[in-house]
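Next up, run_37.tsv (TSV, N, CA and C atoms and all ligand atoms):
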```
chain	number	residue	atom	x	y	z
A	712	MET	N	27.75	-58.47	-21.74
A	712	MET	CA	28.31	-57.20	-21.26
A	712	MET	C	29.44	-56.75	-22.19
A	713	THR	N	29.45	-55.49	-22.53
A	713	THR	CA	30.51	-54.98	-23.40
A	713	THR	C	31.79	-54.77	-22.58
A	714	ASN	N	32.88	-54.60	-23.29
A	714	ASN	CA	34.16	-54.33	-22.66
A	714	ASN	C	34.09	-53.07	-21.81
A	715	LEU	N	33.43	-52.06	-22.36
A	715	LEU	CA	33.34	-50.77	-21.66
A	715	LEU	C	32.55	-50.92	-20.36
A	716	GLN	N	31.47	-51.69	-20.42
A	716	GLN	CA	30.66	-51.91	-19.20
A	716	GLN	C	31.48	-52.61	-18.13
A	717	SER	N	32.26	-53.57	-18.59
A	717	SER	CA	33.06	-54.31	-17.63
A	717	SER	C	34.16	-53.43	-17.04
A	718	LEU	N	34.75	-52.57	-17.86
A	718	LEU	CA	35.77	-51.63	-17.36
A	718	LEU	C	35.15	-50.64	-16.37
A	719	ARG	N	33.93	-50.22	-16.68
A	719	ARG	CA	33.23	-49.29	-15.79
A	719	ARG	C	32.99	-49.94	-14.43
A	720	GLN	N	32.53	-51.20	-14.48
A	720	GLN	CA	32.26	-51.91	-13.22
A	720	GLN	C	33.52	-52.07	-12.38
A	721	GLN	N	34.62	-52.41	-13.05
A	721	GLN	CA	35.89	-52.57	-12.33
A	721	GLN	C	36.31	-51.24	-11.70
A	722	ALA	N	36.17	-50.15	-12.48
A	722	ALA	CA	36.55	-48.83	-11.97
A	722	ALA	C	35.65	-48.46	-10.80
A	723	ALA	N	34.36	-48.73	-10.92
A	723	ALA	CA	33.42	-48.41	-9.85
A	723	ALA	C	33.81	-49.13	-8.57
A	724	ARG	N	34.24	-50.36	-8.71
A	724	ARG	CA	34.65	-51.13	-7.53
A	724	ARG	C	35.92	-50.53	-6.92
A	725	ARG	N	36.88	-50.20	-7.77
A	725	ARG	CA	38.14	-49.60	-7.27
A	725	ARG	C	37.85	-48.30	-6.53
A	726	GLN	N	36.84	-47.55	-6.98
A	726	GLN	CA	36.52	-46.25	-6.40
A	726	GLN	C	35.42	-46.34	-5.34
A	727	SER	N	35.09	-47.55	-4.91
A	727	SER	CA	34.03	-47.75	-3.93
A	727	SER	C	32.73	-47.07	-4.36
A	728	LEU	N	32.46	-47.12	-5.63
A	728	LEU	CA	31.25	-46.56	-6.24
A	728	LEU	C	31.08	-45.07	-5.93
A	729	ARG	N	32.21	-44.36	-5.91
A	729	ARG	CA	32.20	-42.90	-5.76
A	729	ARG	C	32.68	-42.28	-7.06
A	730	CYS	N	32.09	-41.15	-7.41
A	730	CYS	CA	32.47	-40.47	-8.64
A	730	CYS	C	33.94	-40.03	-8.60
A	731	TYR	N	34.62	-40.23	-9.70
A	731	TYR	CA	36.04	-39.88	-9.81
A	731	TYR	C	36.26	-38.39	-9.56
A	732	TYR	N	35.31	-37.56	-9.95
A	732	TYR	CA	35.48	-36.11	-9.83
A	732	TYR	C	34.87	-35.53	-8.56
A	733	CYS	N	33.60	-35.78	-8.33
A	733	CYS	CA	32.93	-35.14	-7.19
A	733	CYS	C	32.87	-36.04	-5.96
A	734	GLU	N	33.21	-37.31	-6.13
A	734	GLU	CA	33.22	-38.29	-5.03
A	734	GLU	C	31.85	-38.54	-4.42
A	735	CYS	N	30.81	-38.14	-5.13
A	735	CYS	CA	29.48	-38.47	-4.65
A	735	CYS	C	29.23	-39.96	-4.86
A	736	PRO	N	28.38	-40.55	-4.02
A	736	PRO	CA	28.02	-41.95	-4.23
A	736	PRO	C	27.20	-42.08	-5.51
A	737	MET	N	27.39	-43.19	-6.21
A	737	MET	CA	26.67	-43.41	-7.47
A	737	MET	C	25.90	-44.73	-7.37
A	738	TRP	N	25.07	-44.95	-8.37
A	738	TRP	CA	24.36	-46.23	-8.44
A	738	TRP	C	24.60	-46.85	-9.82
A	739	GLU	N	24.53	-48.19	-9.86
A	739	GLU	CA	24.79	-48.87	-11.13
A	739	GLU	C	23.54	-49.43	-11.78
A	740	ARG	N	22.77	-50.23	-11.05
A	740	ARG	CA	21.61	-50.88	-11.68
A	740	ARG	C	20.30	-50.27	-11.25
A	741	ASP	N	20.27	-49.81	-10.03
A	741	ASP	CA	19.00	-49.41	-9.47
A	741	ASP	C	19.23	-48.23	-8.52
A	742	ALA	N	18.53	-47.15	-8.76
A	742	ALA	CA	18.75	-45.92	-7.99
A	742	ALA	C	17.98	-45.92	-6.67
A	743	THR	N	17.15	-46.93	-6.45
A	743	THR	CA	16.23	-46.90	-5.30
A	743	THR	C	16.92	-46.68	-3.96
A	744	THR	N	17.97	-47.47	-3.71
A	744	THR	CA	18.63	-47.38	-2.40
A	744	THR	C	19.25	-46.01	-2.20
A	745	LEU	N	19.96	-45.55	-3.23
A	745	LEU	CA	20.62	-44.24	-3.13
A	745	LEU	C	19.58	-43.13	-2.93
A	746	SER	N	18.52	-43.18	-3.71
A	746	SER	CA	17.46	-42.17	-3.58
A	746	SER	C	16.88	-42.16	-2.18
A	747	ALA	N	16.62	-43.35	-1.66
A	747	ALA	CA	16.01	-43.46	-0.33
A	747	ALA	C	16.98	-42.94	0.73
A	748	SER	N	18.26	-43.30	0.62
A	748	SER	CA	19.23	-42.90	1.64
A	748	SER	C	19.39	-41.39	1.71
A	749	PHE	N	19.31	-40.72	0.56
A	749	PHE	CA	19.59	-39.30	0.54
A	749	PHE	C	18.36	-38.45	0.21
A	750	GLY	N	17.21	-39.10	0.13
A	750	GLY	CA	15.98	-38.37	-0.15
A	750	GLY	C	16.00	-37.64	-1.48
A	751	LEU	N	16.48	-38.34	-2.52
A	751	LEU	CA	16.61	-37.71	-3.84
A	751	LEU	C	15.38	-37.99	-4.69
A	752	SER	N	15.06	-37.03	-5.54
A	752	SER	CA	14.01	-37.28	-6.52
A	752	SER	C	14.61	-38.15	-7.62
A	753	LYS	N	13.73	-38.63	-8.50
A	753	LYS	CA	14.19	-39.49	-9.59
A	753	LYS	C	15.17	-38.73	-10.50
A	754	ALA	N	14.83	-37.47	-10.76
A	754	ALA	CA	15.68	-36.67	-11.64
A	754	ALA	C	17.05	-36.42	-11.01
A	755	GLN	N	17.06	-36.18	-9.70
A	755	GLN	CA	18.33	-35.95	-9.01
A	755	GLN	C	19.17	-37.22	-9.01
A	756	ALA	N	18.53	-38.33	-8.68
A	756	ALA	CA	19.25	-39.60	-8.63
A	756	ALA	C	19.81	-39.96	-10.00
A	757	ASN	N	19.11	-39.58	-11.02
A	757	ASN	CA	19.55	-39.89	-12.38
A	757	ASN	C	20.92	-39.28	-12.67
A	758	LEU	N	21.20	-38.13	-12.09
A	758	LEU	CA	22.48	-37.46	-12.32
A	758	LEU	C	23.64	-38.22	-11.68
A	759	LEU	N	23.31	-39.09	-10.74
A	759	LEU	CA	24.36	-39.84	-10.04
A	759	LEU	C	24.51	-41.26	-10.58
A	760	ARG	N	23.98	-41.49	-11.77
A	760	ARG	CA	24.18	-42.79	-12.40
A	760	ARG	C	25.66	-42.97	-12.71
A	761	CYS	N	26.16	-44.15	-12.45
A	761	CYS	CA	27.57	-44.45	-12.71
A	761	CYS	C	27.80	-44.64	-14.22
A	762	THR	N	28.72	-43.86	-14.77
A	762	THR	CA	29.03	-43.97	-16.20
A	762	THR	C	30.52	-44.21	-16.39
A	763	ALA	N	30.86	-44.71	-17.56
A	763	ALA	CA	32.27	-44.91	-17.90
A	763	ALA	C	32.81	-43.60	-18.45
A	764	GLU	N	33.83	-43.11	-17.80
A	764	GLU	CA	34.42	-41.82	-18.20
A	764	GLU	C	35.80	-42.07	-18.83
A	765	HIS	N	35.97	-41.56	-20.05
A	765	HIS	CA	37.28	-41.64	-20.70
A	765	HIS	C	38.13	-40.47	-20.22
A	766	LEU	N	39.21	-40.73	-19.51
A	766	LEU	CA	40.06	-39.63	-19.04
A	766	LEU	C	40.59	-38.86	-20.25
A	767	ARG	N	41.13	-39.60	-21.20
A	767	ARG	CA	41.47	-38.98	-22.48
A	767	ARG	C	40.27	-39.26	-23.37
A	768	PRO	N	39.59	-38.20	-23.81
A	768	PRO	CA	38.32	-38.38	-24.52
A	768	PRO	C	38.43	-39.32	-25.73
A	769	LYS	N	37.34	-40.02	-25.95
A	769	LYS	CA	37.24	-40.93	-27.08
A	769	LYS	C	37.51	-40.17	-28.38
A	770	SER	N	36.99	-38.93	-28.43
A	770	SER	CA	37.14	-38.11	-29.64
A	770	SER	C	38.60	-37.78	-29.93
A	771	GLU	N	39.45	-37.91	-28.89
A	771	GLU	CA	40.87	-37.64	-29.09
A	771	GLU	C	41.66	-38.93	-29.15
A	772	GLY	N	40.94	-40.00	-29.39
A	772	GLY	CA	41.60	-41.30	-29.53
A	772	GLY	C	41.87	-42.00	-28.22
A	773	GLY	N	41.23	-41.52	-27.13
A	773	GLY	CA	41.40	-42.17	-25.83
A	773	GLY	C	40.87	-43.60	-25.88
A	774	PRO	N	41.68	-44.57	-25.50
A	774	PRO	CA	41.26	-45.96	-25.61
A	774	PRO	C	40.32	-46.40	-24.47
A	775	ALA	N	39.63	-47.49	-24.70
A	775	ALA	CA	38.82	-48.10	-23.65
A	775	ALA	C	39.67	-49.17	-22.99
A	776	ASN	N	40.45	-48.76	-22.02
A	776	ASN	CA	41.21	-49.73	-21.24
A	776	ASN	C	41.28	-49.29	-19.78
A	777	ARG	N	41.88	-50.14	-18.96
A	777	ARG	CA	41.88	-49.94	-17.52
A	777	ARG	C	42.48	-48.60	-17.10
A	778	THR	N	43.49	-48.12	-17.82
A	778	THR	CA	44.12	-46.88	-17.38
A	778	THR	C	43.36	-45.64	-17.85
A	779	ASN	N	42.52	-45.79	-18.86
A	779	ASN	CA	41.82	-44.61	-19.37
A	779	ASN	C	40.37	-44.51	-18.93
A	780	ILE	N	39.83	-45.59	-18.39
A	780	ILE	CA	38.42	-45.57	-17.98
A	780	ILE	C	38.30	-45.47	-16.46
A	781	VAL	N	37.57	-44.45	-16.01
A	781	VAL	CA	37.24	-44.35	-14.60
A	781	VAL	C	35.71	-44.30	-14.50
A	782	ALA	N	35.21	-44.37	-13.28
A	782	ALA	CA	33.76	-44.28	-13.08
A	782	ALA	C	33.43	-42.87	-12.63
A	783	ALA	N	32.50	-42.23	-13.32
A	783	ALA	CA	32.09	-40.88	-12.95
A	783	ALA	C	30.58	-40.79	-13.00
A	784	CYS	N	30.03	-39.88	-12.22
A	784	CYS	CA	28.58	-39.72	-12.25
A	784	CYS	C	28.19	-39.07	-13.59
A	785	LEU	N	26.97	-39.29	-13.98
A	785	LEU	CA	26.50	-38.79	-15.27
A	785	LEU	C	26.69	-37.27	-15.37
A	786	PHE	N	26.44	-36.58	-14.27
A	786	PHE	CA	26.53	-35.12	-14.29
A	786	PHE	C	27.95	-34.65	-14.58
A	787	CYS	N	28.93	-35.18	-13.86
A	787	CYS	CA	30.32	-34.77	-14.07
A	787	CYS	C	30.79	-35.17	-15.47
A	788	ASN	N	30.43	-36.36	-15.87
A	788	ASN	CA	30.85	-36.86	-17.18
A	788	ASN	C	30.32	-35.95	-18.29
A	789	ARG	N	29.01	-35.72	-18.26
A	789	ARG	CA	28.37	-34.91	-19.30
A	789	ARG	C	28.92	-33.49	-19.32
A	790	THR	N	29.03	-32.91	-18.11
A	790	THR	CA	29.45	-31.52	-18.02
A	790	THR	C	30.87	-31.35	-18.56
A	791	ARG	N	31.74	-32.29	-18.27
A	791	ARG	CA	33.13	-32.17	-18.75
A	791	ARG	C	33.18	-32.19	-20.28
A	792	HIS	N	32.42	-33.09	-20.87
A	792	HIS	CA	32.53	-33.25	-22.32
A	792	HIS	C	31.65	-32.29	-23.10
A	793	LYS	N	30.83	-31.53	-22.37
A	793	LYS	CA	30.01	-30.52	-23.02
A	793	LYS	C	30.87	-29.33	-23.44
A	794	ALA	N	31.95	-29.11	-22.71
A	794	ALA	CA	32.83	-27.97	-22.99
A	794	ALA	C	33.48	-28.14	-24.37
A	795	LYS	N	33.74	-27.01	-24.99
A	795	LYS	CA	34.37	-27.04	-26.31
A	795	LYS	C	35.75	-27.68	-26.23
A	796	ASN	N	36.52	-27.21	-25.25
A	796	ASN	CA	37.83	-27.81	-25.02
A	796	ASN	C	37.84	-28.40	-23.62
A	797	PRO	N	37.42	-29.65	-23.49
A	797	PRO	CA	37.31	-30.25	-22.16
A	797	PRO	C	38.63	-30.14	-21.39
A	798	ARG	N	38.50	-29.81	-20.09
A	798	ARG	CA	39.67	-29.71	-19.23
A	798	ARG	C	40.30	-31.08	-19.08
A	799	CYS	N	41.57	-31.10	-18.74
A	799	CYS	CA	42.23	-32.37	-18.45
A	799	CYS	C	41.65	-32.86	-17.12
A	800	PRO	N	41.71	-34.16	-16.86
A	800	PRO	CA	41.06	-34.72	-15.67
A	800	PRO	C	41.46	-34.03	-14.37
A	801	GLU	N	42.75	-33.77	-14.19
A	801	GLU	CA	43.19	-33.16	-12.93
A	801	GLU	C	42.62	-31.77	-12.75
A	802	SER	N	42.64	-30.99	-13.82
A	802	SER	CA	42.14	-29.63	-13.73
A	802	SER	C	40.61	-29.64	-13.56
A	803	TYR	N	39.95	-30.58	-14.20
A	803	TYR	CA	38.49	-30.68	-14.07
A	803	TYR	C	38.12	-31.07	-12.63
A	804	LYS	N	38.88	-31.98	-12.05
A	804	LYS	CA	38.61	-32.40	-10.68
A	804	LYS	C	38.71	-31.19	-9.75
A	805	LYS	N	39.74	-30.38	-9.92
A	805	LYS	CA	39.90	-29.18	-9.08
A	805	LYS	C	38.73	-28.22	-9.28
A	806	TYR	N	38.33	-28.07	-10.53
A	806	TYR	CA	37.21	-27.20	-10.87
A	806	TYR	C	35.94	-27.68	-10.17
A	807	VAL	N	35.68	-28.98	-10.24
A	807	VAL	CA	34.48	-29.56	-9.62
A	807	VAL	C	34.50	-29.32	-8.11
A	808	ARG	N	35.67	-29.59	-7.49
A	808	ARG	CA	35.78	-29.41	-6.03
A	808	ARG	C	35.51	-27.96	-5.62
A	809	LYS	N	36.03	-27.04	-6.38
A	809	LYS	CA	35.84	-25.63	-6.08
A	809	LYS	C	34.36	-25.27	-6.16
A	810	ARG	N	33.71	-25.73	-7.23
A	810	ARG	CA	32.28	-25.45	-7.40
A	810	ARG	C	31.49	-26.07	-6.24
A	811	MET	N	31.88	-27.25	-5.82
A	811	MET	CA	31.16	-27.92	-4.74
A	811	MET	C	31.28	-27.14	-3.44
A	812	GLN	N	32.48	-26.65	-3.18
A	812	GLN	CA	32.68	-25.87	-1.95
A	812	GLN	C	31.76	-24.66	-1.91
A	813	ARG	N	31.45	-24.15	-3.09
A	813	ARG	CA	30.56	-22.98	-3.16
A	813	ARG	C	29.11	-23.38	-3.30
A	814	GLY	N	28.82	-24.67	-3.23
A	814	GLY	CA	27.45	-25.14	-3.39
A	814	GLY	C	26.94	-24.98	-4.81
A	815	ARG	N	27.86	-24.99	-5.77
A	815	ARG	CA	27.47	-24.77	-7.15
A	815	ARG	C	27.77	-25.97	-8.05
A	816	TRP	N	27.61	-27.13	-7.46
A	816	TRP	CA	27.77	-28.34	-8.26
A	816	TRP	C	26.68	-29.29	-7.82
A	817	LEU	N	26.04	-29.96	-8.77
A	817	LEU	CA	24.93	-30.84	-8.42
A	817	LEU	C	23.98	-30.07	-7.50
A	818	THR	N	23.74	-28.84	-7.84
A	818	THR	CA	22.97	-27.93	-7.01
A	818	THR	C	21.63	-28.55	-6.62
A	819	GLY	N	21.33	-28.47	-5.34
A	819	GLY	CA	20.07	-29.01	-4.88
A	819	GLY	C	20.20	-30.43	-4.33
A	820	LEU	N	21.30	-31.09	-4.65
A	820	LEU	CA	21.47	-32.44	-4.14
A	820	LEU	C	22.16	-32.41	-2.77
A	821	PHE	N	23.28	-31.71	-2.75
A	821	PHE	CA	24.04	-31.58	-1.50
A	821	PHE	C	24.32	-32.90	-0.84
A	822	VAL	N	24.49	-33.90	-1.64
A	822	VAL	CA	24.80	-35.23	-1.11
A	822	VAL	C	26.08	-35.16	-0.32
A	823	PHE	N	27.04	-34.40	-0.87
A	823	PHE	CA	28.35	-34.34	-0.23
A	823	PHE	C	28.30	-33.76	1.17
A	824	ARG	N	27.34	-32.86	1.41
A	824	ARG	CA	27.22	-32.29	2.76
A	824	ARG	C	26.68	-33.34	3.73
A	825	THR	N	25.73	-34.12	3.23
A	825	THR	CA	25.14	-35.16	4.05
A	825	THR	C	26.21	-36.14	4.51
A	826	LEU	N	27.23	-36.30	3.68
A	826	LEU	CA	28.24	-37.31	3.95
A	826	LEU	C	29.29	-36.83	4.94
A	827	GLU	N	29.39	-35.53	5.14
A	827	GLU	CA	30.47	-35.02	5.98
A	827	GLU	C	30.18	-35.22	7.46
A	901	ZN	ZN	30.44	-36.61	-10.15
```
As structure tokens, please, write out the structure in this file.
Ligand SMILES: [Zn+2]
Amino acid sequence: MTNLQSLRQQAARRQSLRCYYCECPMWERDATTLSASFGLSKAQANLLRCTAEHLRPKSEGGPANRTNIVAACLFCNRTRHKAKNPRCPESYKKYVRKRMQRGRWLTGLFVFRTLE
């Protein structure tokens, strides 16, 4: 296991396997249980894969250590770093929450509604 994998696992445990940004449940090794619980397709479940998220991006010299690595779902992670100037974690979290309230995040999954 690489250092990053181990940091991701520790972060996932600290966060009870919920995404740092959207707080959706994630999966680490096997999506079967999550898919079955929420009736997700394979493609949908894939977006909720647990990934290691650098709060300060790697491209900006963000280190792989306990304070900089959190666990985020693939969708939130990818979407944040796709932006030309990625938002800071706090602002991105607010952005994600706002989109979710409008049903415009992880569209079609609505996992968060099921959980309420
Ligand atoms: Zn997420």
Checklist entry - Between A:Asn796, A:Thr713, A:Gln726, A:Asn779, which has the minimum distance to ligand ZN 901 (chain A) (counting only C-alpha atoms and all ligand atoms)? => result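 Smallest distance to ligand ZN 901 (chain A) is found for A:Gln726.
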Against ligand ZN 901 (chain A), which residues of chain A fall within 8 Å? For each one I want the closest pair of atoms and the distance in Å (one decimal), counting only C-alpha atoms and all ligand atoms, rows by chain and increasing residue number, as CSV.
```
residue,atom,partner,partner_atom,distance
A:Arg729,CA,A:ZN901,ZN,7.9
A:Cys730,CA,A:ZN901,ZN,4.6
A:Tyr731,CA,A:ZN901,ZN,6.5
A:Tyr732,CA,A:ZN901,ZN,5.1
A:Cys733,CA,A:ZN901,ZN,4.1
A:Glu734,CA,A:ZN901,ZN,6.1
A:Cys735,CA,A:ZN901,ZN,5.9
A:Leu759,CA,A:ZN901,ZN,6.9
A:Ala783,CA,A:ZN901,ZN,5.4
A:Cys784,CA,A:ZN901,ZN,4.2
A:Leu785,CA,A:ZN901,ZN,6.8
A:Phe786,CA,A:ZN901,ZN,5.9
A:Cys787,CA,A:ZN901,ZN,4.3
A:Asn788,CA,A:ZN901,ZN,7.0
```
Item to check | Residue nearest Arg777 in chain A among A:Met712, A:Leu728, A:Cys799, A:Ala722 (counting only C-alpha atoms) | outcome: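 Ranked by minimum distance to Arg777 in chain A, first place goes to A:Ala722.
The coordinates place atom N of Arg724 in chain A at 22.9 Å from atom C of Leu751 in chain A.
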Next on the checklist: Among chain A, which residues does DSSP mark as strand (DSSP E) when it is run on the backbone? Keep the chain and numbering as in the structure and answer as a ChimeraX atom specification.
Outcome noted: /A:761-765,780-784
Can you tell me which residues surround Ala723 in chain A at a distance of at most 10 Å, considering only C-alpha atoms, apart from same-chain residues fewer than 3 positions away, and format the answer as a PDB file with N, CA and C atoms, in the coordinates of the input?
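The resulting part_6.pdb:
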```pdb
ATOM      1  N   SER A 717      32.260 -53.570 -18.590  1.00  0.00           N
ATOM      2  CA  SER A 717      33.060 -54.310 -17.630  1.00  0.00           C
ATOM      3  C   SER A 717      34.160 -53.430 -17.040  1.00  0.00           C
ATOM      4  N   LEU A 718      34.750 -52.570 -17.860  1.00  0.00           N
ATOM      5  CA  LEU A 718      35.770 -51.630 -17.360  1.00  0.00           C
ATOM      6  C   LEU A 718      35.150 -50.640 -16.370  1.00  0.00           C
ATOM      7  N   ARG A 719      33.930 -50.220 -16.680  1.00  0.00           N
ATOM      8  CA  ARG A 719      33.230 -49.290 -15.790  1.00  0.00           C
ATOM      9  C   ARG A 719      32.990 -49.940 -14.430  1.00  0.00           C
ATOM     10  N   GLN A 720      32.530 -51.200 -14.480  1.00  0.00           N
ATOM     11  CA  GLN A 720      32.260 -51.910 -13.220  1.00  0.00           C
ATOM     12  C   GLN A 720      33.520 -52.070 -12.380  1.00  0.00           C
ATOM     13  N   GLN A 726      36.840 -47.550  -6.980  1.00  0.00           N
ATOM     14  CA  GLN A 726      36.520 -46.250  -6.400  1.00  0.00           C
ATOM     15  C   GLN A 726      35.420 -46.340  -5.340  1.00  0.00           C
ATOM     16  N   SER A 727      35.090 -47.550  -4.910  1.00  0.00           N
ATOM     17  CA  SER A 727      34.030 -47.750  -3.930  1.00  0.00           C
ATOM     18  C   SER A 727      32.730 -47.070  -4.360  1.00  0.00           C
ATOM     19  N   LEU A 728      32.460 -47.120  -5.630  1.00  0.00           N
ATOM     20  CA  LEU A 728      31.250 -46.560  -6.240  1.00  0.00           C
ATOM     21  C   LEU A 728      31.080 -45.070  -5.930  1.00  0.00           C
ATOM     22  N   ARG A 729      32.210 -44.360  -5.910  1.00  0.00           N
ATOM     23  CA  ARG A 729      32.200 -42.900  -5.760  1.00  0.00           C
ATOM     24  C   ARG A 729      32.680 -42.280  -7.060  1.00  0.00           C
ATOM     25  N   CYS A 730      32.090 -41.150  -7.410  1.00  0.00           N
ATOM     26  CA  CYS A 730      32.470 -40.470  -8.640  1.00  0.00           C
ATOM     27  C   CYS A 730      33.940 -40.030  -8.600  1.00  0.00           C
ATOM     28  N   TYR A 731      34.620 -40.230  -9.700  1.00  0.00           N
ATOM     29  CA  TYR A 731      36.040 -39.880  -9.810  1.00  0.00           C
ATOM     30  C   TYR A 731      36.260 -38.390  -9.560  1.00  0.00           C
ATOM     31  N   MET A 737      27.390 -43.190  -6.210  1.00  0.00           N
ATOM     32  CA  MET A 737      26.670 -43.410  -7.470  1.00  0.00           C
ATOM     33  C   MET A 737      25.900 -44.730  -7.370  1.00  0.00           C
ATOM     34  N   TRP A 738      25.070 -44.950  -8.370  1.00  0.00           N
ATOM     35  CA  TRP A 738      24.360 -46.230  -8.440  1.00  0.00           C
ATOM     36  C   TRP A 738      24.600 -46.850  -9.820  1.00  0.00           C
ATOM     37  N   GLU A 739      24.530 -48.190  -9.860  1.00  0.00           N
ATOM     38  CA  GLU A 739      24.790 -48.870 -11.130  1.00  0.00           C
ATOM     39  C   GLU A 739      23.540 -49.430 -11.780  1.00  0.00           C
ATOM     40  N   CYS A 761      26.160 -44.150 -12.450  1.00  0.00           N
ATOM     41  CA  CYS A 761      27.570 -44.450 -12.710  1.00  0.00           C
ATOM     42  C   CYS A 761      27.800 -44.640 -14.220  1.00  0.00           C
ATOM     43  N   THR A 762      28.720 -43.860 -14.770  1.00  0.00           N
ATOM     44  CA  THR A 762      29.030 -43.970 -16.200  1.00  0.00           C
ATOM     45  C   THR A 762      30.520 -44.210 -16.390  1.00  0.00           C
ATOM     46  N   ALA A 763      30.860 -44.710 -17.560  1.00  0.00           N
ATOM     47  CA  ALA A 763      32.270 -44.910 -17.900  1.00  0.00           C
ATOM     48  C   ALA A 763      32.810 -43.600 -18.450  1.00  0.00           C
ATOM     49  N   ILE A 780      39.830 -45.590 -18.390  1.00  0.00           N
ATOM     50  CA  ILE A 780      38.420 -45.570 -17.980  1.00  0.00           C
ATOM     51  C   ILE A 780      38.300 -45.470 -16.460  1.00  0.00           C
ATOM     52  N   VAL A 781      37.570 -44.450 -16.010  1.00  0.00           N
ATOM     53  CA  VAL A 781      37.240 -44.350 -14.600  1.00  0.00           C
ATOM     54  C   VAL A 781      35.710 -44.300 -14.500  1.00  0.00           C
ATOM     55  N   ALA A 782      35.210 -44.370 -13.280  1.00  0.00           N
ATOM     56  CA  ALA A 782      33.760 -44.280 -13.080  1.00  0.00           C
ATOM     57  C   ALA A 782      33.430 -42.870 -12.630  1.00  0.00           C
ATOM     58  N   ALA A 783      32.500 -42.230 -13.320  1.00  0.00           N
ATOM     59  CA  ALA A 783      32.090 -40.880 -12.950  1.00  0.00           C
ATOM     60  C   ALA A 783      30.580 -40.790 -13.000  1.00  0.00           C
TER      61      ALA A 783
END
```
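Near range 753-756 of chain A, within 7 Å and counting only N, CA and C atoms, sit Ala742, Leu745, Ser746 and Leu820 of chain A; same-chain residues fewer than 6 positions away were not included.
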Item to check | Per-residue DSSP, range 740-806 of chain A, filtered to alpha helix (DSSP H), as a list in words | outcome: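 Checking each residue of range 740-806 of chain A, the alpha helix (DSSP H) ones are Thr743, Thr744, Leu745, Ser746, Ala747, Ser748, Phe749, Lys753, Ala754, Gln755, Ala756, Asn757, Leu785, Phe786, Cys787, Asn788, Arg789, Thr790, Arg791, His792, Lys793, Pro800, Glu801, Ser802, Tyr803, Lys804, Lys805 and Tyr806 of chain A.
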Item to check | From A:His792, A:Lys804, A:Lys769, A:Arg798, residue lying nearest Trp816 in chain A [only C-alpha atoms] | outcome: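 Among the listed residues, A:Lys804 lies closest to Trp816 in chain A.
The space separating CA of Glu771 in chain A from CA of Lys805 in chain A comes to 21.7 Å.
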